Each structure stands twice: as C-alpha cells, then as structure tokens.
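Engineer: Next comes protein38.cif, mmCIF, C-alpha atoms:
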data_start
loop_
_atom_site.label_atom_id
_atom_site.label_comp_id
_atom_site.auth_asym_id
_atom_site.auth_seq_id
_atom_site.Cartn_x
_atom_site.Cartn_y
_atom_site.Cartn_z
CA MET T 28 31.79 -4.91 -6.12
CA GLY T 29 31.52 -7.12 -9.19
CA ASP T 30 27.74 -6.87 -9.07
CA LEU T 31 27.91 -3.09 -8.60
CA LEU T 32 30.31 -2.44 -11.48
CA ALA T 33 28.47 -4.78 -13.84
CA ASN T 34 25.24 -2.93 -13.13
CA VAL T 35 26.87 0.42 -13.93
CA GLY T 36 27.37 -0.73 -17.52
CA THR T 37 23.79 -1.93 -17.70
CA GLY T 38 22.61 1.40 -16.31
CA MET T 39 24.46 3.22 -19.08
CA LEU T 40 22.42 1.26 -21.61
CA LEU T 41 19.19 2.71 -20.17
CA VAL T 42 20.23 5.95 -21.84
CA ALA T 43 22.39 4.67 -24.68
CA MET T 44 20.06 2.09 -26.24
CA PRO T 45 17.06 4.40 -26.80
CA VAL T 46 19.40 6.98 -28.33
CA GLN T 47 21.08 4.32 -30.47
CA THR T 48 17.66 3.04 -31.56
CA LEU T 49 16.46 6.49 -32.57
CA SER T 50 19.54 6.86 -34.79
CA LEU T 51 18.85 3.71 -36.80
CA HIS T 52 15.12 2.94 -36.55
CA GLY T 53 14.62 3.62 -40.27
CA GLY T 54 10.99 3.20 -41.30
CA VAL T 55 9.97 1.60 -38.00
CA PRO T 56 7.97 3.97 -35.75
CA LYS T 57 10.15 5.34 -32.97
CA ALA T 58 8.13 4.00 -30.04
CA ILE T 59 7.82 0.56 -31.66
CA ALA T 60 11.58 0.42 -32.31
CA ILE T 61 12.40 1.40 -28.71
CA GLY T 62 9.96 -1.22 -27.44
CA LEU T 63 11.59 -3.95 -29.56
CA VAL T 64 15.09 -3.05 -28.39
CA GLU T 65 14.06 -2.83 -24.75
CA ALA T 66 12.16 -6.16 -24.90
CA ALA T 67 14.77 -8.21 -26.77
CA PRO T 68 17.00 -9.05 -23.75
CA PHE T 69 14.09 -10.67 -21.92
CA VAL T 70 12.81 -13.19 -24.48
CA LEU T 71 15.32 -16.07 -24.48
CA SER T 72 16.35 -15.36 -20.89
CA THR T 73 12.74 -15.91 -19.82
CA VAL T 74 12.56 -19.28 -21.61
CA LEU T 75 15.75 -20.52 -19.91
CA ALA T 76 14.75 -19.20 -16.48
CA LEU T 77 11.35 -20.90 -16.70
CA ALA T 78 13.03 -24.20 -17.59
CA ILE T 79 15.20 -23.88 -14.47
CA SER T 80 12.44 -22.75 -12.13
CA LEU T 81 10.00 -25.45 -13.26
CA GLY T 82 12.54 -28.18 -12.59
CA ARG T 83 13.30 -29.03 -16.22
CA VAL T 84 16.94 -27.91 -16.13
CA ARG T 85 19.42 -28.17 -13.25
CA VAL T 86 22.48 -25.94 -13.45
CA PRO T 87 24.49 -24.68 -10.43
CA PRO T 88 24.08 -20.94 -9.78
CA ARG T 89 27.82 -20.31 -10.17
CA THR T 90 27.84 -21.92 -13.62
CA LEU T 91 24.85 -19.83 -14.71
CA LEU T 92 26.48 -16.61 -13.55
CA VAL T 93 29.75 -17.43 -15.33
CA ALA T 94 27.87 -18.25 -18.54
CA ASP T 95 25.94 -14.98 -18.33
CA CYS T 96 29.15 -12.95 -17.93
CA VAL T 97 30.98 -14.67 -20.78
CA LEU T 98 28.14 -14.50 -23.31
CA ARG T 99 27.21 -10.94 -22.40
CA SER T 100 30.77 -9.63 -22.67
CA LEU T 101 31.41 -11.25 -26.07
CA THR T 102 28.08 -10.25 -27.63
CA PHE T 103 27.97 -6.69 -26.36
CA ALA T 104 31.58 -6.08 -27.38
CA ALA T 105 30.68 -7.22 -30.91
CA LEU T 106 27.68 -4.88 -30.96
CA GLY T 107 29.93 -2.07 -29.77
CA VAL T 108 32.34 -2.64 -32.67
CA LEU T 109 29.46 -2.51 -35.16
CA ALA T 110 28.07 0.64 -33.53
CA VAL T 111 31.31 2.64 -33.56
CA THR T 112 32.00 1.64 -37.18
CA ASP T 113 28.47 2.67 -38.26
CA ARG T 114 27.56 -0.85 -39.38
CA LEU T 115 24.93 -1.53 -36.73
CA THR T 116 21.33 -1.97 -37.93
CA LEU T 117 18.10 -2.28 -35.96
CA PRO T 118 17.64 -6.04 -36.72
CA VAL T 119 21.26 -6.77 -35.72
CA LEU T 120 20.88 -4.77 -32.49
CA VAL T 121 17.68 -6.60 -31.57
CA ALA T 122 19.23 -10.00 -32.40
CA GLY T 123 22.39 -9.21 -30.42
CA LEU T 124 20.45 -8.15 -27.35
CA LEU T 125 18.20 -11.19 -27.73
CA PHE T 126 21.02 -13.78 -27.71
CA GLY T 127 23.54 -11.89 -25.60
CA ALA T 128 21.15 -11.75 -22.66
CA THR T 129 20.14 -15.44 -22.77
CA PHE T 130 21.38 -16.03 -19.20
CA ARG T 131 20.27 -12.62 -17.91
CA LEU T 132 17.46 -13.73 -15.58
CA ALA T 133 19.17 -16.94 -14.47
CA GLY T 134 22.35 -14.96 -13.79
CA SER T 135 20.44 -12.33 -11.82
CA SER T 136 18.79 -14.89 -9.55
CA SER T 137 22.14 -16.69 -9.20
CA ARG T 138 23.79 -13.48 -7.92
CA ARG T 139 21.13 -13.21 -5.23
CA LEU T 140 21.37 -16.90 -4.27
CA LEU T 141 25.15 -16.86 -4.00
CA ALA T 142 25.14 -13.66 -1.95
CA THR T 143 22.33 -14.60 0.45
CA SER T 144 23.67 -18.14 0.94
CA ALA T 145 27.05 -16.71 1.91
CA ALA T 146 25.40 -14.43 4.48
CA GLY T 147 23.14 -17.11 5.94
CA GLU T 148 19.57 -16.78 7.13
CA ALA T 149 20.37 -14.12 9.73
CA GLY T 150 21.93 -11.83 7.14
CA ARG T 151 19.47 -12.41 4.30
CA PHE T 152 17.39 -9.27 4.80
CA SER T 153 20.49 -7.08 4.98
CA VAL T 154 22.06 -8.69 1.91
CA ASN T 155 18.87 -8.29 -0.12
CA GLY T 156 18.88 -4.66 0.92
CA LEU T 157 22.54 -4.30 -0.11
CA LEU T 158 21.85 -5.86 -3.51
CA GLY T 159 18.97 -3.41 -3.92
CA LEU T 160 21.31 -0.56 -2.97
CA ASN T 161 23.82 -1.79 -5.56
CA THR T 162 21.15 -1.97 -8.23
CA THR T 163 19.64 1.43 -7.58
CA PHE T 164 22.98 3.23 -7.38
CA ALA T 165 24.38 1.56 -10.50
CA LEU T 166 21.28 1.34 -12.68
CA TYR T 167 19.70 4.67 -11.80
CA ILE T 168 22.48 7.00 -10.64
CA ALA T 169 25.98 6.23 -11.87
CA GLY T 170 24.97 4.32 -14.99
CA PRO T 171 22.48 6.78 -16.51
CA VAL T 172 24.54 9.85 -15.66
CA LEU T 173 27.67 8.31 -17.18
CA GLY T 174 25.57 7.03 -20.07
CA GLY T 175 24.24 10.51 -20.78
CA VAL T 176 27.75 11.96 -20.74
CA VAL T 177 29.15 9.20 -22.97
CA VAL T 178 26.31 9.41 -25.49
CA ALA T 179 26.53 13.20 -25.65
CA THR T 180 30.31 13.24 -26.11
CA THR T 181 31.33 10.06 -27.93
CA GLY T 182 28.20 8.19 -29.05
CA ALA T 183 26.04 5.35 -27.79
CA GLY T 184 28.36 2.59 -29.04
CA LEU T 185 30.90 3.13 -26.26
CA ALA T 186 28.27 2.24 -23.64
CA LEU T 187 28.09 -1.27 -25.12
CA PHE T 188 31.85 -1.68 -24.51
CA VAL T 189 31.45 -0.50 -20.92
CA ASP T 190 28.66 -3.02 -20.29
CA ALA T 191 30.82 -5.79 -21.78
CA GLY T 192 33.67 -4.70 -19.50
CA GLY T 193 31.37 -4.76 -16.48
CA ALA T 194 30.43 -8.35 -17.28
CA LEU T 195 34.13 -9.26 -17.36
CA ILE T 196 34.64 -7.64 -13.94
CA LEU T 197 31.74 -9.64 -12.51
CA LEU T 198 33.18 -12.79 -14.12
CA ALA T 199 36.54 -12.20 -12.46
CA ALA T 200 34.88 -11.54 -9.09
CA THR T 201 32.80 -14.72 -9.39
CA LEU T 202 35.78 -16.90 -10.31
CA ALA T 203 37.89 -15.40 -7.51
CA CYS T 204 35.33 -15.26 -4.70
CA VAL T 205 32.87 -18.09 -5.29
CA PRO T 206 34.38 -21.59 -5.01
CA GLN T 207 33.18 -24.23 -7.46
CA ALA T 208 31.67 -26.13 -4.53
CA ALA T 209 29.79 -23.08 -3.27
CA GLU T 210 27.69 -23.47 -0.16
CA ILE T 211 24.41 -23.90 -2.03
CA PRO T 212 22.33 -26.84 -0.73
CA GLU T 213 21.34 -29.50 -3.23
CA ARG T 214 18.04 -28.43 -4.74
CA THR T 215 14.99 -30.63 -4.57
CA GLY T 216 13.41 -32.05 -7.71
CA VAL T 217 10.14 -30.19 -7.07
CA SER T 218 9.26 -27.31 -9.40
CA GLY T 219 9.28 -23.80 -8.05
CA TRP T 220 5.59 -23.36 -8.79
CA ARG T 221 4.59 -26.39 -6.69
CA ILE T 222 6.65 -25.08 -3.79
CA LEU T 223 5.22 -21.59 -4.15
CA ARG T 224 1.66 -22.89 -4.13
CA ARG T 225 2.22 -24.05 -0.55
CA ARG T 226 2.42 -20.36 0.36
CA PRO T 227 -0.69 -18.82 -1.24
CA VAL T 228 0.15 -15.29 -0.06
CA ALA T 229 3.56 -15.45 -1.75
CA ALA T 230 1.99 -16.86 -4.93
CA ARG T 231 -0.58 -14.05 -5.02
CA LEU T 232 2.15 -11.49 -4.32
CA LEU T 233 4.02 -12.78 -7.36
CA VAL T 234 0.95 -12.13 -9.50
CA VAL T 235 0.66 -8.62 -8.04
CA GLU T 236 4.33 -7.93 -8.72
CA PHE T 237 3.92 -9.15 -12.31
CA PHE T 238 1.19 -6.58 -12.98
CA PHE T 239 3.07 -3.89 -11.06
CA ASN T 240 6.08 -4.35 -13.34
CA PHE T 241 3.88 -4.78 -16.43
CA LEU T 242 2.17 -1.43 -15.87
CA TYR T 243 5.50 0.27 -15.21
CA MET T 244 7.17 -0.70 -18.50
CA PRO T 245 5.37 1.84 -20.75
CA VAL T 246 7.18 4.48 -18.71
CA GLU T 247 10.52 3.27 -20.13
CA VAL T 248 9.19 3.55 -23.68
CA ALA T 249 7.64 6.97 -23.09
CA LEU T 250 10.54 8.54 -21.20
CA PRO T 251 12.97 9.19 -24.12
CA LEU T 252 10.13 10.72 -26.16
CA TYR T 253 8.86 12.67 -23.15
CA VAL T 254 12.33 14.11 -22.51
CA SER T 255 12.97 15.11 -26.12
CA GLY T 256 9.42 16.33 -26.80
CA THR T 257 7.72 17.65 -23.67
CA LEU T 258 10.87 18.64 -21.76
CA HIS T 259 12.88 19.69 -24.85
CA ALA T 260 16.05 18.05 -23.51
CA GLY T 261 18.54 15.68 -25.14
CA ALA T 262 20.47 12.57 -24.12
CA SER T 263 22.00 14.36 -21.15
CA GLY T 264 18.51 15.32 -19.95
CA LEU T 265 17.43 11.67 -20.14
CA GLY T 266 20.51 10.66 -18.18
CA VAL T 267 19.87 13.29 -15.51
CA LEU T 268 16.23 12.21 -15.21
CA TRP T 269 17.24 8.58 -14.68
CA GLY T 270 19.85 9.86 -12.26
CA ALA T 271 17.15 11.64 -10.23
CA LEU T 272 15.23 8.38 -10.00
CA GLY T 273 18.44 6.72 -8.88
CA VAL T 274 19.18 9.27 -6.16
CA GLY T 275 15.72 8.73 -4.73
CA ALA T 276 16.03 4.96 -5.11
CA PHE T 277 19.45 5.02 -3.45
CA LEU T 278 17.99 6.76 -0.42
CA GLY T 279 15.03 4.38 -0.40
CA ALA T 280 17.29 1.32 -0.64
CA ALA T 281 19.52 2.68 2.13
CA LEU T 282 16.46 2.81 4.39
CA VAL T 283 15.45 -0.82 3.75
CA SER T 284 17.12 -2.13 6.91
CA ARG T 285 15.03 0.31 8.95
CA LEU T 286 11.87 -1.22 7.50
CA ARG T 287 12.65 -4.69 8.85
CA ASN T 288 10.17 -4.42 11.73
CA LEU T 289 7.29 -2.90 9.77
CA PRO T 290 4.42 -5.11 8.57
CA GLN T 291 5.84 -6.22 5.25
CA ARG T 292 2.71 -6.93 3.23
CA PRO T 293 0.95 -3.59 3.91
CA LEU T 294 4.26 -1.88 3.11
CA LEU T 295 4.38 -3.55 -0.32
CA VAL T 296 0.81 -2.48 -1.12
CA ALA T 297 1.55 1.11 -0.02
CA ILE T 298 4.59 1.25 -2.31
CA ILE T 299 2.42 0.38 -5.31
CA GLY T 300 0.00 3.20 -4.56
CA LEU T 301 2.71 5.79 -3.99
CA TRP T 302 4.59 4.86 -7.16
CA ALA T 303 1.38 5.26 -9.20
CA LEU T 304 1.49 8.97 -8.48
CA CYS T 305 4.92 9.29 -10.13
CA PRO T 306 4.06 8.80 -13.86
CA ILE T 307 0.89 10.83 -13.35
CA GLY T 308 3.01 13.66 -11.92
CA LEU T 309 5.39 13.46 -14.88
CA ALA T 310 2.49 13.68 -17.31
CA LEU T 311 1.26 16.86 -15.63
CA THR T 312 4.51 18.83 -15.91
CA GLY T 313 6.60 20.13 -18.76
CA ASP T 314 9.36 21.50 -16.56
CA LEU T 315 12.60 19.50 -16.22
CA THR T 316 13.22 20.58 -12.62
CA VAL T 317 9.76 19.47 -11.50
CA ALA T 318 10.14 16.22 -13.45
CA LEU T 319 13.43 15.54 -11.65
CA LEU T 320 11.74 16.04 -8.28
CA VAL T 321 8.80 13.80 -9.18
CA PHE T 322 10.99 11.02 -10.55
CA GLY T 323 13.31 11.25 -7.55
CA LEU T 324 10.38 10.81 -5.14
CA GLY T 325 9.19 7.90 -7.28
CA GLY T 326 12.55 6.21 -6.85
CA LEU T 327 12.45 6.82 -3.09
CA VAL T 328 9.17 4.96 -2.62
CA TYR T 329 9.81 2.25 -5.21
CA ALA T 330 13.27 1.09 -4.11
CA PRO T 331 12.30 -0.96 -1.01
CA PHE T 332 9.78 -3.07 -2.95
CA THR T 333 12.15 -5.67 -4.42
CA PRO T 334 14.38 -6.37 -1.37
CA VAL T 335 11.36 -6.56 0.95
CA ALA T 336 9.52 -8.88 -1.45
CA TYR T 337 12.53 -11.20 -1.84
CA SER T 338 13.16 -11.34 1.90
CA PHE T 339 9.49 -12.17 2.46
CA LEU T 340 9.73 -14.95 -0.13
CA GLN T 341 13.05 -16.50 0.96
CA SER T 342 12.18 -16.54 4.65
CA GLY T 343 9.61 -19.29 4.06
CA LEU T 344 11.77 -21.60 1.93
CA ALA T 345 13.94 -24.57 2.80
CA PRO T 346 17.57 -24.33 1.60
CA GLY T 347 17.03 -26.88 -1.20
CA GLU T 348 14.03 -24.92 -2.50
CA GLN T 349 15.77 -21.58 -2.94
CA GLN T 350 17.11 -21.81 -6.52
CA GLN T 351 13.98 -22.88 -8.38
CA VAL T 352 11.66 -20.62 -6.38
CA VAL T 353 13.88 -17.53 -6.52
CA THR T 354 14.44 -18.11 -10.26
CA LEU T 355 10.70 -18.54 -10.80
CA TRP T 356 10.00 -15.36 -8.83
CA THR T 357 12.64 -13.41 -10.75
CA THR T 358 11.25 -14.72 -14.03
CA GLY T 359 7.62 -14.08 -13.16
CA ALA T 360 8.41 -10.56 -12.02
CA THR T 361 10.66 -9.82 -14.97
CA VAL T 362 8.69 -11.47 -17.78
CA ALA T 363 6.30 -8.58 -17.36
CA ALA T 364 8.99 -6.39 -18.89
CA PRO T 365 8.89 -7.61 -22.52
CA LEU T 366 5.10 -7.86 -22.38
CA GLY T 367 4.78 -4.36 -20.94
CA LEU T 368 7.26 -3.02 -23.47
CA ALA T 369 5.42 -4.73 -26.32
CA LEU T 370 2.24 -2.99 -25.14
CA GLY T 371 4.09 0.25 -24.42
CA GLY T 372 5.22 0.83 -28.01
CA PRO T 373 1.73 0.90 -29.61
CA LEU T 374 0.29 2.61 -26.52
CA ILE T 375 2.76 5.50 -26.69
CA GLU T 376 2.27 5.75 -30.46
CA LEU T 377 -1.48 6.20 -29.94
CA ALA T 378 -1.61 8.19 -26.69
CA GLY T 379 1.65 10.13 -26.92
CA SER T 380 4.33 10.20 -24.27
CA THR T 381 2.38 12.20 -21.66
CA GLY T 382 -0.84 10.28 -22.30
CA GLY T 383 1.01 6.98 -21.94
CA LEU T 384 2.60 8.11 -18.68
CA ALA T 385 -0.74 9.16 -17.25
CA LEU T 386 -2.39 5.89 -18.28
CA SER T 387 0.42 3.86 -16.71
CA GLY T 388 -0.06 5.71 -13.42
CA VAL T 389 -3.85 5.42 -13.40
CA LEU T 390 -3.81 1.68 -14.13
CA THR T 391 -1.18 1.14 -11.44
CA PHE T 392 -3.33 3.03 -8.97
CA LEU T 393 -6.28 0.77 -9.85
CA LEU T 394 -4.04 -2.20 -8.97
CA VAL T 395 -3.87 -1.07 -5.32
CA PRO T 396 -7.25 -2.45 -4.12
CA ILE T 397 -6.63 -5.68 -6.02
CA ALA T 398 -3.20 -5.99 -4.39
CA ALA T 399 -4.64 -5.25 -0.96
CA ARG T 400 -7.23 -7.98 -1.32
CA ALA T 401 -4.72 -10.50 -2.69
CA VAL T 402 -1.83 -9.85 -0.31
CA LEU T 403 -3.52 -8.78 2.93
CA GLY T 404 -6.12 -11.52 2.97
CA ARG T 405 -4.21 -14.08 4.98
CA THR T 406 -1.22 -14.46 7.29
CA PRO T 407 1.69 -16.14 5.45
CA GLU T 408 2.16 -19.72 6.47
CA GLY T 409 4.91 -20.29 8.97
CA ASN T 410 6.23 -16.74 8.77
CA PRO T 411 4.61 -14.57 11.43
CA THR T 412 7.40 -12.00 11.38
CA CYS T 413 6.38 -10.83 7.93
CA ALA T 414 2.70 -10.46 8.71
#
Show this structure as structure tokens.
Structural biologist:
Amino acid sequence: MGDLLANVGTGMLLVAMPVQTLSLHGGVPKAIAIGLVEAAPFVLSTVLALAISLGRVRVPPRTLLVADCVLRSLTFAALGVLAVTDRLTLPVLVAGLLFGATFRLAGSSSRRLLATSAAGEAGRFSVNGLLGLNTTFALYIAGPVLGGVVVATTGAGLALFVDAGGALILLAATLACVPQAAEIPERTGVSGWRILRRRPVAARLLVVEFFFNFLYMPVEVALPLYVSGTLHAGASGLGVLWGALGVGAFLGAALVSRLRNLPQRPLLVAIIGLWALCPIGLALTGDLTVALLVFGLGGLVYAPFTPVAYSFLQSGLAPGEQQQVVTLWTTGATVAAPLGLALGGPLIELAGSTGGLALSGVLTFLLVPIAARAVLGRTPEGNPTCA
C-alpha cells in the first residue's frame, strides 16, 4: 500500500510538471524546457545507482528506501511552497528535481528487493506482477487523472505536496513493516556487471531494454504539445490520455500471472513490436477519442514487459547477487530516460509533436529484428523455464 500510494503522487506529476514547466519556461523553448524538467530526476540518481550496482558502494536496501522517502518528501514539499507562492523558477524546479530524486533509482530497486525477498523464490513472479500492477494503476490511472483534476482546479503546485505526502506514507510503511535486519542475504563483493556477463542473454536483454526505453522517451516530451496542439485539449485532456494508458496497462499487468507459462523471451520481443504501433497510431489521428483507444491498447501490451523481464533476470541469480544486479538492471533500463528526454526536446522542436511520435514508433519497430537476434539467439543459462 505504501508503494501504491507513493506512486499515485508521482503519477500526478506526469501531468503537473509539464503544465508547471509551460507556465514558467520563459525564453527557453517549450520542448527543451519540458525535456530538462523530465530528465532532471534521473541524473544524480543514476550516478548513485551505478556506484551501488558496480560494487563501489554498499548500503542496505531498507536504508536506501528510507533515504529516498525522506529526501523526496522534504524537497518536493519545498518546491510545492515555492510553486503556490509564485516564486518557483525553471532553474529552481530543475535543481529541486535533480537533488530531490537522488535516491530514486536505488529506492525503486530496493522496493523490489524487499518485496520479492519477503515472498521468496516461489512468489517472485507474482510479486513482480503485483508491483507492476501497483505502478500501472498509480502512475497511469489514478495519478494522471487526479493530477489533471488538481492542475485544472487548483494549480500544479499542489501535486508536489501530494507526491511529498506519498513519500511520507511509504516511509511510514517501510519503518513499520520492514525490520532493520530484513531478510536480505549478504551481498557478494562482485559487481553487478560481472555477474550479469555470466548470463549473456540477460545482458543482451538489458541492452535491448535500454534502447526500448530510450526510443519511448520522446513520447513523454511530445504528449503535452500533442494534446494542446493536435487534440486541442488542456491539462484535463492530458490527464485523461495518461489515464487511458493506465487503464490498458492495469489490464495488462493484471494478466501477467497468466503469462507465466508462455515462452518469456519471444513474449518480450513481441511486446516491443506491438508498442511501436502505439505512437505511430497517435501521430495519425487528431481525434481525442481515437487517441484514448490507441494509448489504452499501448498500455495493455506494454505493461507485462517490466515484470516479465525482472522475473527472468532474478530467476538466475543467487540471493547474494540480487541487490547489485537488480540495481544495475534498474539503472541501465532507466538511464535511457534522461538520454531519451534530452534527445526528445530538440527532436520535437524540429519534427513537431506528431512527427516526433511517428519517428519514435518507427525507430522502435526497427528495434524488433535486433531484439529478436539478441534475445532469441540462445537458451538462458541454467533457466530452462524462461526459454
């Protein structure tokens, strides 16, 4: 519940932060400003997560999650005060998101480690599916819809307070439910990359996931401009569109447990190809109803990707290898976000919102044969059930 409620606040920011950015971008081009704001939370968090995953820093998952909740709640509350008093500027917003999310990636991987370790090996697939269900419902249904309502009625600043409150709820849940001596095996001193190299299929899948996420990120830059320009809708329209993605993703995440017995690697490649059709479909329509349907179907096919990929990864790891490898995987998959957003700003400026959406879809579709060759080439070592 702590994870779910914390993600609701983060989901509200999907709508609130682009709107907030457009109100104070000044002389900075709109797409560039949105890209900077969207990328800021990933920069320092990536540096810390890499230090953990490569064996340079050893911090217990519980400590990382507590630190993430405390820093996030304090920083985002301060940003909220500045926003509601009309003293927030673009540089301050970027700096606040940069430092306030320092533990974001490490905290995210820690949530997964603490949850899956509590469930044990037999329950890992189900727990990864539940975490995916949490994420899709909070980030893409409840969060954006509430964010659209809040932005339209009171302003974007209130969403920052809600996200800070969600972090406090997760902090309370962690302190109450996770003992200091949590059942996390002592990690080995080997870096996550060295461990991952022993499973070449998993290592290649990480590279595929990096480019999958990288090619998706221009969609997040284009979407606010696409909604306001092509669809002629406001903040509520953006919230409803994210909500449509969330409804589809919720249904897709709910079906994850039924995918347990399917060949996992072909399933992951198929998801990439089906998602590629989503931004292309958005680019081809100017009708909000059709866009909602397209984005909803996109969420349906995309949602199983992350829980299936994590279950595939964790099933081949020893208990003492989980933290550094899962953190490395989370970082490698997520570091694509700031890079994709940095590319997305100039790309959308040059190609426009619909052109950027179409290009994102086409490039993702071109990734499919590369992914098939990389992921389907061999049977994963010591893990025949995921073949």
Engineer: Using all atoms listed in the file, I'd like a table of the residues in region 245-339 of chain T that come within 7 Å of region 172-192 of chain T; for each, show the closest atom pair and its distance in Å rounded to one decimal, ordered by chain and ascending number, as CSV.
Structural biologist:
residue,atom,partner,partner_atom,distance
T:Ala262,CA,T:Gly175,CA,5.4
T:Ser263,CA,T:Gly175,CA,4.5
T:Leu265,CA,T:Gly175,CA,6.9
T:Gly266,CA,T:Gly175,CA,4.5
T:Val267,CA,T:Val172,CA,5.8
T:Gly270,CA,T:Val172,CA,5.8
Engineer: So which residues get picked by the PyMOL selection byres ((chain T and resi 101) around 12) here, written as a PyMOL selection string?
Structural biologist: chain T and resi 94-100+102-108+123-124+126-128+187-195
Engineer: For the file shown, report as a list in words the outcome of the PyMOL selection byres ((chain T and resi 39) around 6) at residue level.
Structural biologist: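 On the file shown, the PyMOL selection byres ((chain T and resi 39) around 6) covers Gly36, Thr37, Gly38, Leu40, Leu41, Val42, Gly170, Pro171 and Gly174 of chain T.
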Engineer: Give as a list in words the set of residues within 12 Å of the point (6.7, -3.7, -33.0), where distances use the file's coordinates and all atoms listed in the file.
Structural biologist: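 Result, sorted by chain then residue number: His52, Gly54, Val55, Pro56, Lys57, Ala58, Ile59, Ala60, Ile61, Gly62, Leu63, Val64, Glu65, Ala66, Ala67, Leu117, Pro118, Val121, Pro365, Leu366, Leu368, Ala369, Leu370, Gly371, Gly372, Pro373, Leu374, Ile375 and Glu376 of chain T.
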Engineer: Go ahead and write the selection's residues with C-alpha atoms as a PDB file, in the frame of the given file.
Structural biologist:
ATOM      1  CA  HIS T  52      15.120   2.940 -36.550  1.00  0.00           C
ATOM      2  CA  GLY T  54      10.990   3.200 -41.300  1.00  0.00           C
ATOM      3  CA  VAL T  55       9.970   1.600 -38.000  1.00  0.00           C
ATOM      4  CA  PRO T  56       7.970   3.970 -35.750  1.00  0.00           C
ATOM      5  CA  LYS T  57      10.150   5.340 -32.970  1.00  0.00           C
ATOM      6  CA  ALA T  58       8.130   4.000 -30.040  1.00  0.00           C
ATOM      7  CA  ILE T  59       7.820   0.560 -31.660  1.00  0.00           C
ATOM      8  CA  ALA T  60      11.580   0.420 -32.310  1.00  0.00           C
ATOM      9  CA  ILE T  61      12.400   1.400 -28.710  1.00  0.00           C
ATOM     10  CA  GLY T  62       9.960  -1.220 -27.440  1.00  0.00           C
ATOM     11  CA  LEU T  63      11.590  -3.950 -29.560  1.00  0.00           C
ATOM     12  CA  VAL T  64      15.090  -3.050 -28.390  1.00  0.00           C
ATOM     13  CA  GLU T  65      14.060  -2.830 -24.750  1.00  0.00           C
ATOM     14  CA  ALA T  66      12.160  -6.160 -24.900  1.00  0.00           C
ATOM     15  CA  ALA T  67      14.770  -8.210 -26.770  1.00  0.00           C
ATOM     16  CA  LEU T 117      18.100  -2.280 -35.960  1.00  0.00           C
ATOM     17  CA  PRO T 118      17.640  -6.040 -36.720  1.00  0.00           C
ATOM     18  CA  VAL T 121      17.680  -6.600 -31.570  1.00  0.00           C
ATOM     19  CA  PRO T 365       8.890  -7.610 -22.520  1.00  0.00           C
ATOM     20  CA  LEU T 366       5.100  -7.860 -22.380  1.00  0.00           C
ATOM     21  CA  LEU T 368       7.260  -3.020 -23.470  1.00  0.00           C
ATOM     22  CA  ALA T 369       5.420  -4.730 -26.320  1.00  0.00           C
ATOM     23  CA  LEU T 370       2.240  -2.990 -25.140  1.00  0.00           C
ATOM     24  CA  GLY T 371       4.090   0.250 -24.420  1.00  0.00           C
ATOM     25  CA  GLY T 372       5.220   0.830 -28.010  1.00  0.00           C
ATOM     26  CA  PRO T 373       1.730   0.900 -29.610  1.00  0.00           C
ATOM     27  CA  LEU T 374       0.290   2.610 -26.520  1.00  0.00           C
ATOM     28  CA  ILE T 375       2.760   5.500 -26.690  1.00  0.00           C
ATOM     29  CA  GLU T 376       2.270   5.750 -30.460  1.00  0.00           C
TER      30      GLU T 376
END
Engineer: Identify which of the residues T:Leu75, T:Ala378, T:Ala145, T:Ala33 lies closest to Phe130 (chain T), counting all atoms listed in the file when measuring atom-to-atom distances.
Structural biologist: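 Selected residue with least distance to Phe130 (chain T): T:Leu75.
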Engineer: Ranking T:Pro227, T:Pro68, T:Gly256, T:Gly388 by minimum distance to Gly313 (chain T) and counting all atoms listed in the file, which one comes first?
Structural biologist: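 The answer is T:Gly256, which sits nearest to Gly313 (chain T).
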Engineer: Which residues, written as an NGL selection string, have at least one atom at most 7 Å from Leu81 (chain T), with only C-alpha atoms counted and residues fewer than 4 positions away on the same chain left out?
Structural biologist: :T and (77 or 218-220 or 351)
Engineer: Go through the shown structure with the PyMOL selection byres ((chain T and resi 274-277) around 9) and write out the matching residues as number ranges by chain.
Structural biologist: T: 159-164, 167-168, 269-273, 278-282, 322-331
Engineer: Could you list, as an NGL selection string, every residue within 10 Å of Val389 (chain T), counting only C-alpha atoms and ignoring same-chain residues fewer than 2 positions away?
Structural biologist: :T and (242 or 300 or 303-304 or 306-307 or 383-387 or 391-394)
Engineer: Considering only C-alpha atoms, state which residue in the set T:Leu157, T:Val352, T:Leu233, T:Val296 is at the smallest distance from Ser284 (chain T).
Structural biologist: T:Leu157
Engineer: Calculate how many Å separate CA of Asn240 (chain T) from CA of Gly367 (chain T), rounding to one decimal.
Structural biologist: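 Computing the Euclidean distance for CA of Asn240 (chain T) and CA of Gly367 (chain T) yields 7.7 Å.
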